[in-house]
Structure formats: C-alpha cells, structure tokens
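Note: the block below is run_0.csv and it holds CSV, C-alpha atoms.
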```csv
chain,number,residue,atom,x,y,z
A,1,HIS,CA,48.3,-16.5,60.0
A,2,VAL,CA,45.8,-18.8,58.2
A,3,PRO,CA,45.6,-18.1,54.5
A,4,SER,CA,42.1,-17.6,53.1
A,5,ALA,CA,40.4,-16.5,50.0
A,6,GLN,CA,39.7,-13.2,51.6
A,7,ALA,CA,43.4,-12.7,52.3
A,8,VAL,CA,44.1,-12.8,48.6
A,9,GLN,CA,41.3,-10.3,48.0
A,10,VAL,CA,42.7,-8.0,50.6
A,11,GLY,CA,46.3,-8.4,49.2
A,12,MET,CA,45.2,-7.3,45.8
A,13,ARG,CA,44.2,-3.9,47.2
A,14,ALA,CA,48.0,-3.2,47.2
A,15,LEU,CA,47.6,-2.7,43.5
A,16,ASP,CA,46.0,0.6,44.2
A,17,HIS,CA,49.4,1.9,45.4
A,18,ASN,CA,52.7,2.3,43.7
A,19,LEU,CA,53.5,-1.1,42.2
A,20,ASP,CA,57.2,-2.0,42.0
A,21,PRO,CA,58.7,-5.3,40.8
A,22,PHE,CA,59.0,-6.7,44.3
A,23,LEU,CA,55.4,-6.0,45.2
A,24,GLU,CA,54.2,-7.4,41.8
A,25,PHE,CA,56.2,-10.6,42.5
A,26,ALA,CA,54.7,-10.9,46.0
A,27,LEU,CA,51.2,-10.5,44.8
A,28,THR,CA,51.6,-12.9,42.0
A,29,LYS,CA,53.0,-15.5,44.4
A,30,LEU,CA,50.1,-14.9,46.8
A,31,ALA,CA,47.6,-15.6,44.0
A,32,ILE,CA,49.4,-18.7,42.8
A,33,LEU,CA,50.1,-20.2,46.3
A,34,HIS,CA,46.5,-19.8,47.4
A,35,LYS,CA,44.7,-20.6,44.2
A,36,ALA,CA,43.0,-23.6,45.7
A,37,ARG,CA,41.4,-21.4,48.3
A,38,TRP,CA,40.3,-18.4,46.3
A,39,GLN,CA,39.5,-19.6,42.8
A,40,PRO,CA,36.5,-21.8,43.8
A,41,GLU,CA,35.1,-18.9,45.8
A,42,PHE,CA,35.6,-16.6,42.8
A,43,GLN,CA,34.0,-19.1,40.4
A,44,ALA,CA,31.0,-19.4,42.7
A,45,GLY,CA,30.6,-15.6,42.8
A,46,ARG,CA,31.3,-15.5,46.5
A,47,LEU,CA,34.6,-13.6,46.0
A,48,THR,CA,34.6,-10.5,43.8
A,49,PHE,CA,37.8,-8.7,44.5
A,50,ASP,CA,35.7,-5.7,45.6
A,51,GLY,CA,34.3,-5.5,42.1
A,52,ASN,CA,37.7,-4.1,41.0
A,53,ALA,CA,38.5,-5.2,37.4
A,54,ARG,CA,42.2,-4.5,37.8
A,55,HIS,CA,42.5,-6.6,41.0
A,56,THR,CA,40.5,-9.4,39.3
A,57,ALA,CA,42.5,-9.4,36.1
A,58,PHE,CA,45.8,-9.4,38.0
A,59,ALA,CA,44.8,-12.4,40.1
A,60,LEU,CA,43.4,-14.4,37.1
A,61,LYS,CA,46.5,-13.5,35.0
A,62,ALA,CA,48.7,-14.9,37.8
A,63,ILE,CA,47.1,-18.3,37.5
A,64,LYS,CA,46.5,-18.0,33.8
A,65,GLY,CA,42.7,-18.0,34.2
A,66,ASP,CA,39.9,-16.4,32.3
A,67,ALA,CA,38.2,-13.9,34.6
A,68,VAL,CA,34.9,-13.5,32.7
A,69,THR,CA,34.1,-16.9,31.4
A,70,THR,CA,34.0,-18.3,34.9
A,71,LEU,CA,31.6,-15.6,36.0
A,72,VAL,CA,29.1,-15.5,33.1
A,73,GLY,CA,27.6,-18.9,33.7
A,74,PRO,CA,26.7,-18.5,37.3
A,75,ALA,CA,25.5,-14.9,36.8
A,76,ALA,CA,23.2,-16.0,33.9
A,77,LYS,CA,21.8,-18.8,35.9
A,78,ASP,CA,21.2,-16.7,39.0
A,79,LYS,CA,23.7,-18.8,41.0
A,80,VAL,CA,25.7,-15.8,42.2
A,81,PRO,CA,24.9,-14.7,45.8
A,82,LYS,CA,22.6,-11.7,45.6
A,83,GLU,CA,24.9,-9.5,47.7
A,84,ASN,CA,27.7,-10.1,45.2
A,85,LEU,CA,25.8,-10.0,41.9
A,86,LEU,CA,26.3,-6.3,41.2
A,87,GLU,CA,30.1,-6.6,41.6
A,88,VAL,CA,30.1,-9.7,39.4
A,89,LEU,CA,28.2,-7.9,36.7
A,90,GLN,CA,30.5,-4.9,36.9
A,91,LEU,CA,33.5,-7.2,36.3
A,92,ILE,CA,31.8,-8.7,33.3
A,93,ALA,CA,31.1,-5.3,31.9
A,94,SER,CA,34.6,-4.2,32.6
A,95,LEU,CA,36.4,-7.2,31.2
A,96,GLY,CA,34.0,-9.1,29.0
A,97,ASN,CA,33.5,-9.4,25.3
A,98,ALA,CA,30.5,-8.2,23.4
A,99,ASP,CA,28.4,-11.4,24.0
A,100,GLN,CA,29.2,-11.4,27.7
A,101,GLN,CA,28.4,-7.7,28.1
A,102,SER,CA,24.9,-8.3,26.6
A,103,LEU,CA,24.0,-10.1,29.9
A,104,VAL,CA,25.0,-6.9,31.8
A,105,LEU,CA,22.9,-4.7,29.5
A,106,SER,CA,19.8,-6.9,30.0
A,107,GLN,CA,20.2,-6.7,33.8
A,108,ALA,CA,20.6,-3.0,33.7
A,109,LEU,CA,17.4,-2.6,31.7
A,110,ASP,CA,15.4,-4.8,34.1
A,111,ASP,CA,13.4,-2.4,36.4
A,112,ALA,CA,12.8,-5.1,39.0
A,113,ARG,CA,16.4,-6.4,39.2
A,114,PHE,CA,18.4,-3.6,40.7
A,115,SER,CA,17.9,-0.2,42.3
A,116,VAL,CA,18.3,2.9,40.1
A,117,VAL,CA,21.7,3.6,41.7
A,118,ASP,CA,23.0,0.1,40.9
A,119,ARG,CA,21.7,0.2,37.4
A,120,ILE,CA,23.6,3.4,36.9
A,121,ARG,CA,26.7,1.6,38.1
A,122,LEU,CA,26.3,-1.1,35.5
A,123,ILE,CA,25.7,1.3,32.7
A,124,GLU,CA,28.8,3.4,33.8
A,125,ALA,CA,30.9,0.2,33.7
A,126,LEU,CA,29.7,-0.5,30.2
A,127,THR,CA,30.5,3.1,29.2
A,128,GLN,CA,34.0,2.9,30.6
A,129,ALA,CA,34.6,-0.4,28.8
A,130,ALA,CA,33.4,1.2,25.5
A,131,ARG,CA,35.8,4.1,25.9
A,132,GLU,CA,38.8,2.2,27.1
A,133,ARG,CA,38.4,-1.1,25.2
A,134,LYS,CA,36.2,-0.2,22.3
A,135,VAL,CA,33.7,-3.0,23.1
A,136,SER,CA,29.9,-2.8,23.3
A,137,PRO,CA,27.3,-5.4,23.9
A,138,SER,CA,26.2,-7.7,21.1
A,139,GLY,CA,22.6,-7.7,20.0
A,140,GLU,CA,20.1,-4.8,20.1
A,141,THR,CA,22.1,-2.0,21.9
A,142,ASN,CA,19.3,0.4,20.9
A,143,ARG,CA,17.4,-1.0,23.8
A,144,ILE,CA,19.2,1.5,26.0
A,145,THR,CA,17.0,4.3,24.5
A,146,ARG,CA,14.1,3.1,26.7
A,147,LEU,CA,15.9,4.7,29.6
A,148,PHE,CA,16.4,8.1,28.0
A,149,CYS,CA,13.1,9.3,29.4
A,150,HIS,CA,13.3,7.5,32.8
A,151,ASP,CA,11.9,9.4,35.7
A,152,ASN,CA,15.3,9.5,37.3
A,153,ALA,CA,17.5,12.0,35.5
A,154,ASN,CA,20.7,10.4,36.6
A,155,LEU,CA,19.7,7.1,35.0
A,156,GLY,CA,18.5,8.8,31.9
A,157,GLY,CA,21.7,10.7,31.6
A,158,ALA,CA,23.8,7.5,32.1
A,159,ALA,CA,21.8,5.9,29.3
A,160,ILE,CA,22.4,8.8,27.0
A,161,ARG,CA,26.1,8.8,27.7
A,162,VAL,CA,26.6,5.2,27.0
A,163,ALA,CA,24.7,5.6,23.7
A,164,GLY,CA,27.4,8.1,22.7
A,165,ALA,CA,30.2,5.8,23.9
A,166,TRP,CA,28.7,3.0,21.8
A,167,LYS,CA,28.5,5.4,18.9
A,168,LEU,CA,24.8,4.6,18.2
A,169,GLU,CA,24.6,6.6,15.0
A,170,SER,CA,21.0,5.5,14.6
A,171,GLN,CA,20.1,7.6,17.6
A,172,ARG,CA,21.8,10.8,16.5
A,173,ASP,CA,18.5,12.6,15.8
A,174,GLN,CA,17.1,11.7,19.2
A,175,LEU,CA,20.4,12.7,20.9
A,176,TYR,CA,20.3,16.1,19.1
A,177,GLU,CA,16.7,16.6,20.3
A,178,TRP,CA,17.8,16.1,23.9
A,179,ALA,CA,20.9,18.3,23.4
A,180,ALA,CA,18.8,21.2,21.9
A,181,ASN,CA,15.9,21.0,24.3
A,182,ALA,CA,16.2,24.0,26.6
A,183,LYS,CA,13.4,22.6,28.8
A,184,ALA,CA,15.2,19.3,29.4
A,185,ASP,CA,17.0,18.7,32.7
A,186,ALA,CA,20.7,19.8,32.6
A,187,LEU,CA,21.9,16.2,33.3
A,188,ARG,CA,20.3,14.7,30.2
A,189,ARG,CA,21.0,17.7,28.0
A,190,GLN,CA,24.7,17.8,28.9
A,191,ALA,CA,24.9,14.0,28.4
A,192,ALA,CA,23.4,14.3,25.0
A,193,ILE,CA,25.8,17.0,23.9
A,194,HIS,CA,28.7,14.9,25.0
A,195,ALA,CA,27.2,11.9,23.2
A,196,LEU,CA,27.1,13.9,20.0
A,197,ALA,CA,30.7,14.7,20.4
A,198,GLU,CA,31.5,11.0,20.9
A,199,LEU,CA,29.6,10.2,17.7
A,200,GLY,CA,32.2,12.4,16.0
A,201,GLY,CA,32.5,13.5,12.4
A,202,ALA,CA,31.5,16.5,10.4
A,203,ARG,CA,27.9,16.1,11.2
A,204,SER,CA,28.5,16.3,15.0
A,205,ILE,CA,30.6,19.4,14.5
A,206,ALA,CA,27.9,21.1,12.5
A,207,GLN,CA,25.2,20.1,15.1
A,208,LEU,CA,27.3,21.4,18.0
A,209,GLU,CA,28.0,24.7,16.1
A,210,VAL,CA,24.3,25.2,15.7
A,211,LEU,CA,24.0,24.9,19.5
A,212,THR,CA,26.6,27.6,20.1
A,213,ASP,CA,24.5,30.2,18.4
A,214,ALA,CA,23.8,33.4,20.4
A,215,LYS,CA,20.1,32.7,20.3
A,216,GLN,CA,20.6,29.5,22.4
A,217,PRO,CA,20.5,29.6,26.2
A,218,TYR,CA,23.9,30.2,27.8
A,219,ALA,CA,24.1,26.7,29.3
A,220,ILE,CA,23.5,25.0,26.0
A,221,ARG,CA,26.1,27.2,24.3
A,222,GLN,CA,28.8,26.5,26.8
A,223,HIS,CA,28.2,22.8,26.8
A,224,ALA,CA,28.1,22.7,23.0
A,225,ILE,CA,31.5,24.5,22.9
A,226,ALA,CA,32.8,22.0,25.5
A,227,GLY,CA,31.7,19.2,23.2
A,228,LEU,CA,33.5,20.9,20.3
A,229,THR,CA,36.8,20.9,22.1
A,230,MET,CA,36.7,17.1,21.6
A,231,LEU,CA,36.4,17.5,17.8
A,232,ASP,CA,37.7,20.8,16.6
A,233,LEU,CA,39.7,22.9,19.1
A,234,ALA,CA,40.0,25.8,16.8
A,235,LYS,CA,36.3,26.2,16.2
A,236,ALA,CA,35.6,25.6,19.9
A,237,SER,CA,38.0,28.5,20.7
A,238,ARG,CA,36.4,30.9,18.3
A,239,HIS,CA,32.9,30.2,19.7
A,240,ALA,CA,34.3,30.5,23.3
A,241,CYS,CA,35.7,33.9,22.6
A,242,ILE,CA,32.3,35.0,21.4
A,243,LEU,CA,30.6,33.6,24.4
A,244,PHE,CA,33.2,35.2,26.8
A,245,SER,CA,32.8,38.6,25.2
A,246,LYS,CA,29.9,39.2,27.4
A,247,ALA,CA,29.4,38.4,31.1
A,248,PRO,CA,27.5,35.3,31.8
A,249,PRO,CA,23.9,35.6,33.0
A,250,PRO,CA,23.3,35.5,36.8
A,251,GLY,CA,23.5,31.9,38.0
A,252,ASP,CA,25.5,30.6,35.0
A,253,ASP,CA,29.0,29.4,35.7
A,254,PRO,CA,31.5,29.0,32.8
A,255,SER,CA,34.0,27.1,34.8
A,256,ASP,CA,33.1,23.7,33.2
A,257,LEU,CA,33.9,25.2,29.8
A,258,PHE,CA,37.3,26.4,31.0
A,259,ALA,CA,37.9,22.9,32.4
A,260,ALA,CA,37.0,21.3,29.0
A,261,PHE,CA,39.7,23.4,27.3
A,262,LEU,CA,42.3,22.6,30.0
A,263,ALA,CA,41.6,18.9,29.5
A,264,ARG,CA,42.6,19.0,25.8
A,265,LYS,CA,46.1,19.1,24.6
A,266,ASP,CA,47.0,22.7,23.8
A,267,GLY,CA,43.5,23.7,24.9
A,268,ALA,CA,44.7,26.6,27.1
A,269,GLN,CA,46.9,28.0,24.4
A,270,SER,CA,44.1,27.7,21.8
A,271,LEU,CA,41.7,29.6,24.0
A,272,ALA,CA,44.3,32.4,24.7
A,273,ARG,CA,44.9,33.1,21.1
```
Translate the structure described by the file into structure tokens.
Amino acid sequence: HVPSAQAVQVGMRALDHNLDPFLEFALTKLAILHKARWQPEFQAGRLTFDGNARHTAFALKAIKGDAVTTLVGPAAKDKVPKENLLEVLQLIASLGNADQQSLVLSQALDDARFSVVDRIRLIEALTQAARERKVSPSGETNRITRLFCHDNANLGGAAIRVAGAWKLESQRDQLYEWAANAKADALRRQAAIHALAELGGARSIAQLEVLTDAKQPYAIRQHAIAGLTMLDLAKASRHACILFSKAPPPGDDPSDLFAAFLARKDGAQSLAR
C-alpha cells in the first residue's frame, strides 16, 4: 500500500476499540514512521483526525508534538480550510489552555460564523473540557450569557450548561431565574437547574430545595431533586420520597429522576431508605 496522511488518521480509529500493548505499539510506530506525511497536513488544518481529541493527542504524543499550538495560529488567521474549521476548533476546545479556548468561545458567539448546530458543538466541547480538565476560556466568559435567550432553545440550553460548568457565580441569580421560571422551555429550565448544581455550595442546595416545594410544578420539582443528588444525596432522597408519595400528573414522567439517583454512588440505596 502507499502510506498517506489519511492512512494515519484511519489507523487512529483503532483507539476506539480495546487497546492492548501490541496495538498501542503499532499505532505509535505508524504515527512516527509517517510523521513527514501527516504532520504538515495537520498543521495546515487539512487533517483533523475526525475531530477526535483522543486520536489527535495520541498521534501528537507519539511524535512529541503539541497538538493545540500548531492549530491555533492557522485557525485564528482563517487559514484552516472551511470544511475542517469546526473540527479544528473542537480539538482546541478539548485540548487547549484557557487562552487558546478563548478563540473557540469567540467563534461560538459569532452569529455569522457557524450554524446553530455547529455552535452547540463548540460549546459542548468547552463544557466537556471544563468538567474533565477544569479549564475555561480566559477573558470575559460572561459573554456566554448573550445566548441564554437565543431563539433556539438548544443553543440557549447549551450556553446555560457551560455557564454552570465554568462556575460563573456572577450569573447565579440569572440561572436561578431560568430554573424557577415555569413558563420557560424545559431545555433551558433543566439546564439552569443543572448549572446551579454545578455551582455547588450551601447556596445552591438552598435554592434547589426551594424549587422542590409542593407549590412548584412537578417538572421543576423533579429536576431540582435531580440536581440535589449531585450535592446532598440525603436531602434529595427526602424530597424524592415526598414527591413520589403522590402519583405524577398526566404527562409527567419521573424516570429522569430515578436515573439521577442511579447515577450517584449509593443513590439507589439512599432512595430506598
């Protein structure tokens, strides 16, 4: 066969399967031997490893390269092919530091740059990085709040979720307003409740407990209890028992709340007590 940059990209897909020492050695060797073919394509933004951060990191680690630094310059100067720009920015979001992520945030906020669907993908990549690597863009992260009221509820919800992942304490009151707004769409309201849980602390627990009150709509109560499972499992269990003491209103499904308990360590046991 004729080795090519694409062959290295395809080879890295094996990382999605069970990785044993022999396969790891083979993929490392593949990246090293064909460095001259794929690295220039990667640096030019023409090769993106399917936008997969793990694939990219593995290949760059094999040749002792810096995945993000080589991408930020071309992306900032609009020198990345348009068809690859989204994947390049997702990689920067997934692997970059705070200064590098600020480029991604600016692109996600630009109404004319990407479609709504692609902007959501960029924000979700930033959200995942915040949760997994505890990193958020440098500069004015509060800029994300301009998307809270976006006409598209999915984009608005994504913006609210990342505000929680970034722990934007300055936006607590606004997040609570969304969480408590019975007239808000369910996507944004649920995102806001989760964001309050991610802010954490005694104040979040108190705010979520207010939302479990029997006077609140069923949907708000169950989402607030689900949020509480992240902060205080015992309190969440007590409020859940009260909620489950009566049948849910027609059309309301408590399965998400059960799932929230099952996702926590000892959650099922706590709920059964």
Checklist entry - Residues at most 8 Å from range 3-7 of chain A, counting only C-alpha atoms, excluding those fewer than 5 positions away in the same chain, as a ChimeraX atom specification? => result /A:34,37-39,41,47
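Pairwise distance (CA of His223 in chain A, CA of Asp151 in chain A) equals 22.9 Å.
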Would you write out, as a Markdown table, a table of all residues in range 215-234 of chain A that have an atom no more than 10 Å from an atom of range 199-203 of chain A, listing for each the closest atom pair and the distance in Å to one decimal, considering all atoms listed in the file and ordering rows by chain and rising residue number?
```
| residue | atom | partner | partner_atom | distance |
| --- | --- | --- | --- | --- |
| A:Gly227 | CA | A:Gly200 | CA | 9.9 |
| A:Leu228 | CA | A:Gly200 | CA | 9.6 |
| A:Met230 | CA | A:Gly200 | CA | 8.6 |
| A:Leu231 | CA | A:Gly200 | CA | 6.8 |
| A:Asp232 | CA | A:Ala202 | CA | 9.8 |
```
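Among the candidate residues A:His55, A:Arg188, A:Arg161, A:Lys29, the one lying nearest to Arg131 in chain A is A:Arg161, with distances computed using all atoms listed in the file.
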**Prompt:** So, counting only C-alpha atoms, which residue among A:Asp252, A:Glu140, A:Glu87, A:Glu209 is closest to Gly51 in chain A?
**Reply:**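 The closest residue to Gly51 in chain A is A:Glu87.
CA of Lys77 in chain A is found 25.0 Å from CA of Leu147 in chain A.
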Applying 10 Å and only C-alpha atoms, which residues near Gly73 in chain A remain after dropping the ones on its own chain fewer than 6 positions away? List them as a VMD selection string. chain A and resid 43 to 44 79 to 80 100
Take the residues that were just selected and, keeping C-alpha atoms, output them as a compact mmCIF listing (two decimals), keeping the file's coordinate frame.
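Listing of selection_35.txt after writing:
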```txt
# COMPACT_ATOMS: atom_id res chain seq x y z
CA GLN A 43 34.00 -19.10 40.40
CA ALA A 44 31.00 -19.40 42.70
CA LYS A 79 23.70 -18.80 41.00
CA VAL A 80 25.70 -15.80 42.20
CA GLN A 100 29.20 -11.40 27.70
```
Nearby residues (all atoms listed in the file) at most 12 Å from Thr56 in chain A, same-chain spacing under 2 positions excluded, as a compact mmCIF listing (two decimals) with C-alpha atoms, in the coordinates of the input:
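This went into out.txt:
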```txt
# COMPACT_ATOMS: atom_id res chain seq x y z
CA VAL A 8 44.10 -12.80 48.60
CA GLN A 9 41.30 -10.30 48.00
CA VAL A 10 42.70 -8.00 50.60
CA GLY A 11 46.30 -8.40 49.20
CA MET A 12 45.20 -7.30 45.80
CA ARG A 13 44.20 -3.90 47.20
CA LEU A 15 47.60 -2.70 43.50
CA THR A 28 51.60 -12.90 42.00
CA ALA A 31 47.60 -15.60 44.00
CA TRP A 38 40.30 -18.40 46.30
CA GLN A 39 39.50 -19.60 42.80
CA PHE A 42 35.60 -16.60 42.80
CA GLN A 43 34.00 -19.10 40.40
CA LEU A 47 34.60 -13.60 46.00
CA THR A 48 34.60 -10.50 43.80
CA PHE A 49 37.80 -8.70 44.50
CA ASP A 50 35.70 -5.70 45.60
CA GLY A 51 34.30 -5.50 42.10
CA ASN A 52 37.70 -4.10 41.00
CA ALA A 53 38.50 -5.20 37.40
CA ARG A 54 42.20 -4.50 37.80
CA PHE A 58 45.80 -9.40 38.00
CA ALA A 59 44.80 -12.40 40.10
CA LEU A 60 43.40 -14.40 37.10
CA LYS A 61 46.50 -13.50 35.00
CA ALA A 62 48.70 -14.90 37.80
CA ILE A 63 47.10 -18.30 37.50
CA LYS A 64 46.50 -18.00 33.80
CA GLY A 65 42.70 -18.00 34.20
CA ASP A 66 39.90 -16.40 32.30
CA ALA A 67 38.20 -13.90 34.60
CA VAL A 68 34.90 -13.50 32.70
CA THR A 70 34.00 -18.30 34.90
CA LEU A 71 31.60 -15.60 36.00
CA GLU A 87 30.10 -6.60 41.60
CA VAL A 88 30.10 -9.70 39.40
CA GLN A 90 30.50 -4.90 36.90
CA LEU A 91 33.50 -7.20 36.30
CA ILE A 92 31.80 -8.70 33.30
CA SER A 94 34.60 -4.20 32.60
CA LEU A 95 36.40 -7.20 31.20
```
What separates CA of Ala206 in chain A and CA of Arg172 in chain A is a distance of 12.6 Å
If you count all atoms listed in the file, the residue of A:Asp253, A:Asp185, A:Glu169, A:Asp78 closest to Tyr218 in chain A turns out to be A:Asp253
Practice prompt. Identify, on the basis of all atoms listed in the file, every residue whose closest approach to Leu262 in chain A does not exceed 12 Å; exclude the query and any residue fewer than 3 positions from it along the same chain; express the result as JSON, numbers by chain.
Written response: {"A": [226, 229, 230, 233, 237, 255, 256, 257, 258, 259, 265, 266, 267, 268, 269, 270, 271, 272]}
Is there a way to get, as an NGL selection string, all residues within 12 Å of the point (23.4, 15.8, 25.8) in file coordinates, counting only C-alpha atoms?
:A and (148 or 153 or 156-164 or 172-182 or 184-199 or 204 or 207-208 or 211 or 219-221 or 223-224 or 226-227)
Practice problem: Pick out the closest residue to Leu155 in chain A from this set: A:Thr212, A:Gln107, A:Ser115, A:Asn18. Count all atoms listed in the file. | Solution: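 Among the listed residues, the smallest separation from Leu155 in chain A belongs to A:Ser115.
With all atoms listed in the file as the atoms that count, the residue of A:Leu243, A:Gly45, A:His150, A:Lys183 with the shortest distance to Asn84 in chain A is A:Gly45.
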Margin query: My list of candidates is A:Ser106, A:Val135, A:Arg119, A:Ala214. Which is closest to Lys246 in chain A when distances are computed with all atoms listed in the file?
Written below: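 Checking each candidate against Lys246 in chain A, we get A:Ala214 as the closest.
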Only C-alpha atoms needed: put range 39-97 of chain A from the block into a file as a CSV table (one decimal), in the first residue's frame.
```
chain,number,residue,atom,x,y,z
A,39,GLN,CA,2.2,16.4,10.4
A,40,PRO,CA,2.3,19.1,7.7
A,41,GLU,CA,-1.3,18.3,6.8
A,42,PHE,CA,-2.3,18.5,10.4
A,43,GLN,CA,-0.5,21.8,10.9
A,44,ALA,CA,-2.3,23.2,7.9
A,45,GLY,CA,-5.7,22.2,9.2
A,46,ARG,CA,-6.3,19.8,6.4
A,47,LEU,CA,-6.1,16.7,8.6
A,48,THR,CA,-8.2,16.7,11.8
A,49,PHE,CA,-8.2,13.1,13.0
A,50,ASP,CA,-12.0,13.2,12.6
A,51,GLY,CA,-12.1,16.0,15.2
A,52,ASN,CA,-11.4,13.3,17.9
A,53,ALA,CA,-9.3,14.7,20.7
A,54,ARG,CA,-8.1,11.3,21.9
A,55,HIS,CA,-6.9,10.3,18.4
A,56,THR,CA,-5.1,13.7,18.0
A,57,ALA,CA,-3.5,13.6,21.4
A,58,PHE,CA,-2.2,10.0,20.8
A,59,ALA,CA,-0.6,10.9,17.4
A,60,LEU,CA,1.0,14.1,18.7
A,61,LYS,CA,2.3,12.4,21.8
A,62,ALA,CA,3.9,9.7,19.6
A,63,ILE,CA,6.0,12.3,17.9
A,64,LYS,CA,6.3,14.5,21.0
A,65,GLY,CA,4.3,17.3,19.4
A,66,ASP,CA,2.0,20.0,20.7
A,67,ALA,CA,-1.5,19.4,19.3
A,68,VAL,CA,-3.0,22.8,20.0
A,69,THR,CA,-0.3,25.3,19.5
A,70,THR,CA,0.1,24.1,15.9
A,71,LEU,CA,-3.6,24.6,15.3
A,72,VAL,CA,-4.4,28.0,17.0
A,73,GLY,CA,-2.3,30.1,14.6
A,74,PRO,CA,-3.9,28.9,11.4
A,75,ALA,CA,-7.4,28.9,13.0
A,76,ALA,CA,-7.0,32.5,14.3
A,77,LYS,CA,-5.8,33.7,10.8
A,78,ASP,CA,-8.6,31.9,8.9
A,79,LYS,CA,-6.0,29.7,7.2
A,80,VAL,CA,-7.8,26.4,8.0
A,81,PRO,CA,-10.0,25.0,5.2
A,82,LYS,CA,-13.6,25.9,5.9
A,83,GLU,CA,-14.7,22.3,5.8
A,84,ASN,CA,-12.3,21.4,8.6
A,85,LEU,CA,-12.6,24.5,10.8
A,86,LEU,CA,-15.3,23.1,13.1
A,87,GLU,CA,-13.2,20.0,13.9
A,88,VAL,CA,-10.1,22.1,14.4
A,89,LEU,CA,-11.9,24.3,16.9
A,90,GLN,CA,-13.4,21.3,18.7
A,91,LEU,CA,-9.9,20.0,19.2
A,92,ILE,CA,-8.7,23.4,20.5
A,93,ALA,CA,-11.6,23.4,22.9
A,94,SER,CA,-10.9,19.8,24.0
A,95,LEU,CA,-7.2,20.1,24.4
A,96,GLY,CA,-6.3,23.8,24.7
A,97,ASN,CA,-5.5,26.0,27.6
```
